[in-house]
Amino acid sequence: MTSHIYTVSELNGLAKAVLDSVPEFSSVLVQGEISNYRLYPSGHHYFTLKDADGTIRCALFRGQALRLRFRPENGMKVVASGRVSIYPKEGSYQLYCETLRPEGVGDLHAAFEQLREKLWKEGLFEKAHKKPLPTDPRAVAIITSSAGAAVHDMIRILGHRYPLAKVKLLPVRVQGPEAPPEIVGALRYANRHHVADVIITGRGGGSIEDLWAFNDERVARAIYDSEIPVISAVGHETDFTIADFVADAQAATPTHAAALAVPDQAELRERIQDRRLRLLRCQARRLELLRERLNMLKAKRVLTDPMAVIQDKRQMLDYLQKDLCHTALACLAGPRRQTAALAASLDALSPLKVLGRGFALVTDESGAPVRRASDAPVGSRVRARLAEGALLCRVERGEEKEKET
């Protein structure tokens with residue numbers, strides 16, 4: 001009997017047909033650790049599941065991958081469900097995955113932790129980015145479902161606490177795949193048209209699936225990009241969403257969010273009354289101090305006897321005038337004595353004194369003094385100045401100086 005010779009493709013096809021015909025291989029659950037994870041541009045995911053003793057190749061096609069709530073990573077322990085078959089082109093035995101979930105936790109929980117870590121690393125949770133809530137908002141925008149009980153509770157609380165603020169409802173779906181785009185659109189609309197001074201977004205409690213719209217990355221980034229402060233009010237006190245970490249303020253419940261958004265009118269009235277009393281006390285104290293000062297001024301001498309001040313100034317002026325005169329006379333006495341002495345010395349040297357004793361001052365026609373007989377030749381004219389008047393003379397004869405005996 002001659003054995004049939006198979007081509008490689010025929011053999012791979014035969015093996016594939018055998019595996020596909022086994023009912024147990026059409027739907028299996030496989031537990032293992034992801035390794036060699038690759039995401040292709042086509043959207044298909046390829047990876048290997050391994051344990052301590054073996055490995056198996058796996059493929060997760062784009063259609064099934066779109067239903068994933070988390071991002072597969074190397075080293076992650078997962079449970080995959082699907083069918084076992086052979087890829088004929090390579091003859092490789094592999095698992096074609098239909099679903100994939102993290103081992104020990106749900107896929108939603110894994111997706112939540114992955115997104116939280118990602119946004120935390122980007123800095124979206126830092127307190128430096130948190131905007132302060134307004135103290136007296138003129139308008140409050142609520143982004144939530146118009147059919148839920150939470151919106152009625154918030155409107156009631158807002159009206160009771162601070163009726164001056166307008167409440168603007170931007171209705172959106174808060175559950176299902178259409179919810180995240182609607183919430184993002186409402187946030188952008190509120191910022192574009194500045195419809196309010198503060199935004200409350202959230203919904204009542206529920207399961208993690210019910211609250212999942214507020215764990216969406218698009219919603220988280222829209223809250224972060226909002227120029228208007230956002231209060232996140234999702235679920236009950238024990239519920240946490242990504243929106244809570246990104247928002248400027250986190251409320252335990254929707255009613256708590258309404259209380260955070262506006263002040264309490266009762267507290268405002270009490271604060272106003274307290275400040276009114278403080279103002280009255282301050283004014284009363286100020287009036288008392290002014291009254292005391294007025295009484296003190298009334299008792300001053302300048303007001304009780306105005307002329308007394310003028311008389312005191314006049315007496316002081318007299319004393320100052322007397323002191324000034326004495327000082328001036330004392331300052332002038334020395335120069336006067338010095339002037340008198342200089343005048344006496346000058347008078348003693350005056351030529352007029354000499355002339356008064358019978359002497360005469362003889363000058364030639366040019367006015368030059370004649371000191372010697374030779375300075376006035378015979379026949380020249382000279383002028384002799386006397387103590388009183390002068391003589392015009394002609395020289396008749398000149399005599400030399402007489403010898404002293």
# chains A, B, ... in the order shown; residues from 1 in each chain; ligands from 1
>>> closest_atom_pairs(of="stretch 90-120 of chain A", to="stretch 29-44 of chain A", cutoff="12 Å", atoms="only C-alpha atoms", output="Markdown table")
| residue | atom | partner | partner_atom | distance |
| --- | --- | --- | --- | --- |
| A:Gln94 | CA | A:Val30 | CA | 11.5 |
| A:Leu95 | CA | A:Val30 | CA | 8.8 |
| A:Tyr96 | CA | A:Val30 | CA | 11.0 |
| A:Cys97 | CA | A:Leu29 | CA | 9.4 |
| A:Glu98 | CA | A:Leu29 | CA | 10.1 |
| A:Thr99 | CA | A:Leu29 | CA | 9.5 |
| A:Leu100 | CA | A:Leu29 | CA | 9.7 |
| A:Arg101 | CA | A:Gln31 | CA | 9.9 |
| A:Pro102 | CA | A:Gln31 | CA | 9.5 |
| A:Glu103 | CA | A:Gln31 | CA | 7.8 |
| A:Gly104 | CA | A:Gln31 | CA | 10.9 |
>>> residues_around(residues="A:Leu133", least_positions_apart="5", cutoff="12 Å", atoms="only C-alpha atoms", output="MDAnalysis selection string")
chainID A and resid 140 196:200 227:231 247:250 257 259:263
>>> select_by_dssp(residues="stretch 55-200 of chain A", states="helix (DSSP H, G or I)", output="JSON, numbers by chain")
{"A": [62, 63, 64, 65, 107, 108, 109, 110, 111, 112, 113, 114, 115, 116, 117, 118, 119, 120, 121, 122, 127, 128, 129, 149, 150, 151, 152, 153, 154, 155, 156, 157, 158, 159, 160, 161, 179, 180, 181, 182, 183, 184, 185, 186, 187, 188, 189, 190, 191, 192, 193]}
>>> atom_distance(atom1="atom CA of A:Arg281", atom2="atom CA of A:Leu297")
24.4 Å
>>> closest_residue(among="A:Ser226, A:Ser374, A:Ser92, A:Gln175", to="A:Leu187", atoms="only C-alpha atoms")
A:Ser226
>>> closest_residue(among="A:Leu294, A:Leu119, A:Val370, A:Ala15", to="A:Pro88", atoms="only C-alpha atoms")
A:Ala15
>>> residues_around(residues="A:Glu365", least_positions_apart="4", cutoff="12 Å", atoms="only C-alpha atoms", output="MDAnalysis selection string")
chainID A and resid 369:370 375:377 380:384 392:394
>>> write_last_selection(atoms="N, CA, C and O atoms", output="mmCIF file, in the first residue's frame")
data_model
loop_
_atom_site.group_PDB
_atom_site.id
_atom_site.type_symbol
_atom_site.label_atom_id
_atom_site.label_comp_id
_atom_site.auth_asym_id
_atom_site.auth_seq_id
_atom_site.Cartn_x
_atom_site.Cartn_y
_atom_site.Cartn_z
ATOM 1 N N PRO A 369 55.978 167.816 44.092
ATOM 2 C CA PRO A 369 56.499 168.491 45.273
ATOM 3 C C PRO A 369 57.956 168.921 45.079
ATOM 4 O O PRO A 369 58.727 168.238 44.411
ATOM 5 N N VAL A 370 58.258 170.053 45.676
ATOM 6 C CA VAL A 370 59.625 170.580 45.604
ATOM 7 C C VAL A 370 60.290 170.253 46.933
ATOM 8 O O VAL A 370 59.855 170.737 47.987
ATOM 9 N N ASP A 375 65.243 171.784 42.782
ATOM 10 C CA ASP A 375 64.032 171.381 42.054
ATOM 11 C C ASP A 375 63.279 172.598 41.531
ATOM 12 O O ASP A 375 62.366 172.448 40.695
ATOM 13 N N ALA A 376 63.646 173.831 42.002
ATOM 14 C CA ALA A 376 62.954 175.055 41.534
ATOM 15 C C ALA A 376 64.008 176.060 41.059
ATOM 16 O O ALA A 376 64.562 176.829 41.852
ATOM 17 N N PRO A 377 64.329 176.047 39.790
ATOM 18 C CA PRO A 377 65.356 176.970 39.272
ATOM 19 C C PRO A 377 64.884 178.418 39.443
ATOM 20 O O PRO A 377 63.687 178.691 39.600
ATOM 21 N N SER A 380 61.537 180.213 38.016
ATOM 22 C CA SER A 380 60.395 179.270 37.868
ATOM 23 C C SER A 380 59.289 179.642 38.846
ATOM 24 O O SER A 380 59.526 180.317 39.841
ATOM 25 N N ARG A 381 58.133 179.188 38.531
ATOM 26 C CA ARG A 381 56.975 179.446 39.378
ATOM 27 C C ARG A 381 56.716 178.226 40.260
ATOM 28 O O ARG A 381 56.782 177.091 39.812
ATOM 29 N N VAL A 382 56.361 178.484 41.497
ATOM 30 C CA VAL A 382 56.014 177.415 42.434
ATOM 31 C C VAL A 382 54.722 177.797 43.134
ATOM 32 O O VAL A 382 54.329 178.960 43.153
ATOM 33 N N ARG A 383 54.088 176.810 43.733
ATOM 34 C CA ARG A 383 52.811 177.035 44.439
ATOM 35 C C ARG A 383 53.009 176.545 45.856
ATOM 36 O O ARG A 383 53.408 175.417 46.087
ATOM 37 N N ALA A 384 52.727 177.426 46.830
ATOM 38 C CA ALA A 384 52.901 177.101 48.235
ATOM 39 C C ALA A 384 51.513 176.994 48.866
ATOM 40 O O ALA A 384 50.785 177.989 48.939
ATOM 41 N N LEU A 392 51.085 181.777 44.975
ATOM 42 C CA LEU A 392 51.814 181.554 43.732
ATOM 43 C C LEU A 392 53.057 182.436 43.777
ATOM 44 O O LEU A 392 52.958 183.675 43.861
ATOM 45 N N CYS A 393 54.250 181.842 43.718
ATOM 46 C CA CYS A 393 55.518 182.560 43.925
ATOM 47 C C CYS A 393 56.443 182.353 42.733
ATOM 48 O O CYS A 393 56.302 181.374 41.979
ATOM 49 N N ARG A 394 57.384 183.324 42.598
ATOM 50 C CA ARG A 394 58.451 183.192 41.587
ATOM 51 C C ARG A 394 59.754 183.081 42.356
ATOM 52 O O ARG A 394 60.007 183.834 43.298
#
>>> residues_around(residues="A:Asp20", least_positions_apart="2", cutoff="9 Å", atoms="only C-alpha atoms", output="list of chain:residue names")
A:Ala15, A:Lys16, A:Ala17, A:Val18, A:Val22, A:Pro23, A:Phe25, A:Ser26, A:Arg83, A:Val84, A:Ser85, A:Ile86
>>> atom_distance(atom1="atom CA of A:Val219", atom2="atom CA of A:Pro171")
15.3 Å
>>> atom_distance(atom1="atom CA of A:Thr48", atom2="atom CA of A:Phe61")
14.2 Å
>>> closest_residue(among="A:Leu68, A:Phe245, A:Pro254, A:Val184", to="A:Ile142", atoms="only C-alpha atoms")
A:Pro254
>>> closest_residue(among="A:Lys298, A:Arg337, A:His193, A:Arg57", to="A:Tyr87", atoms="only C-alpha atoms")
A:Arg57
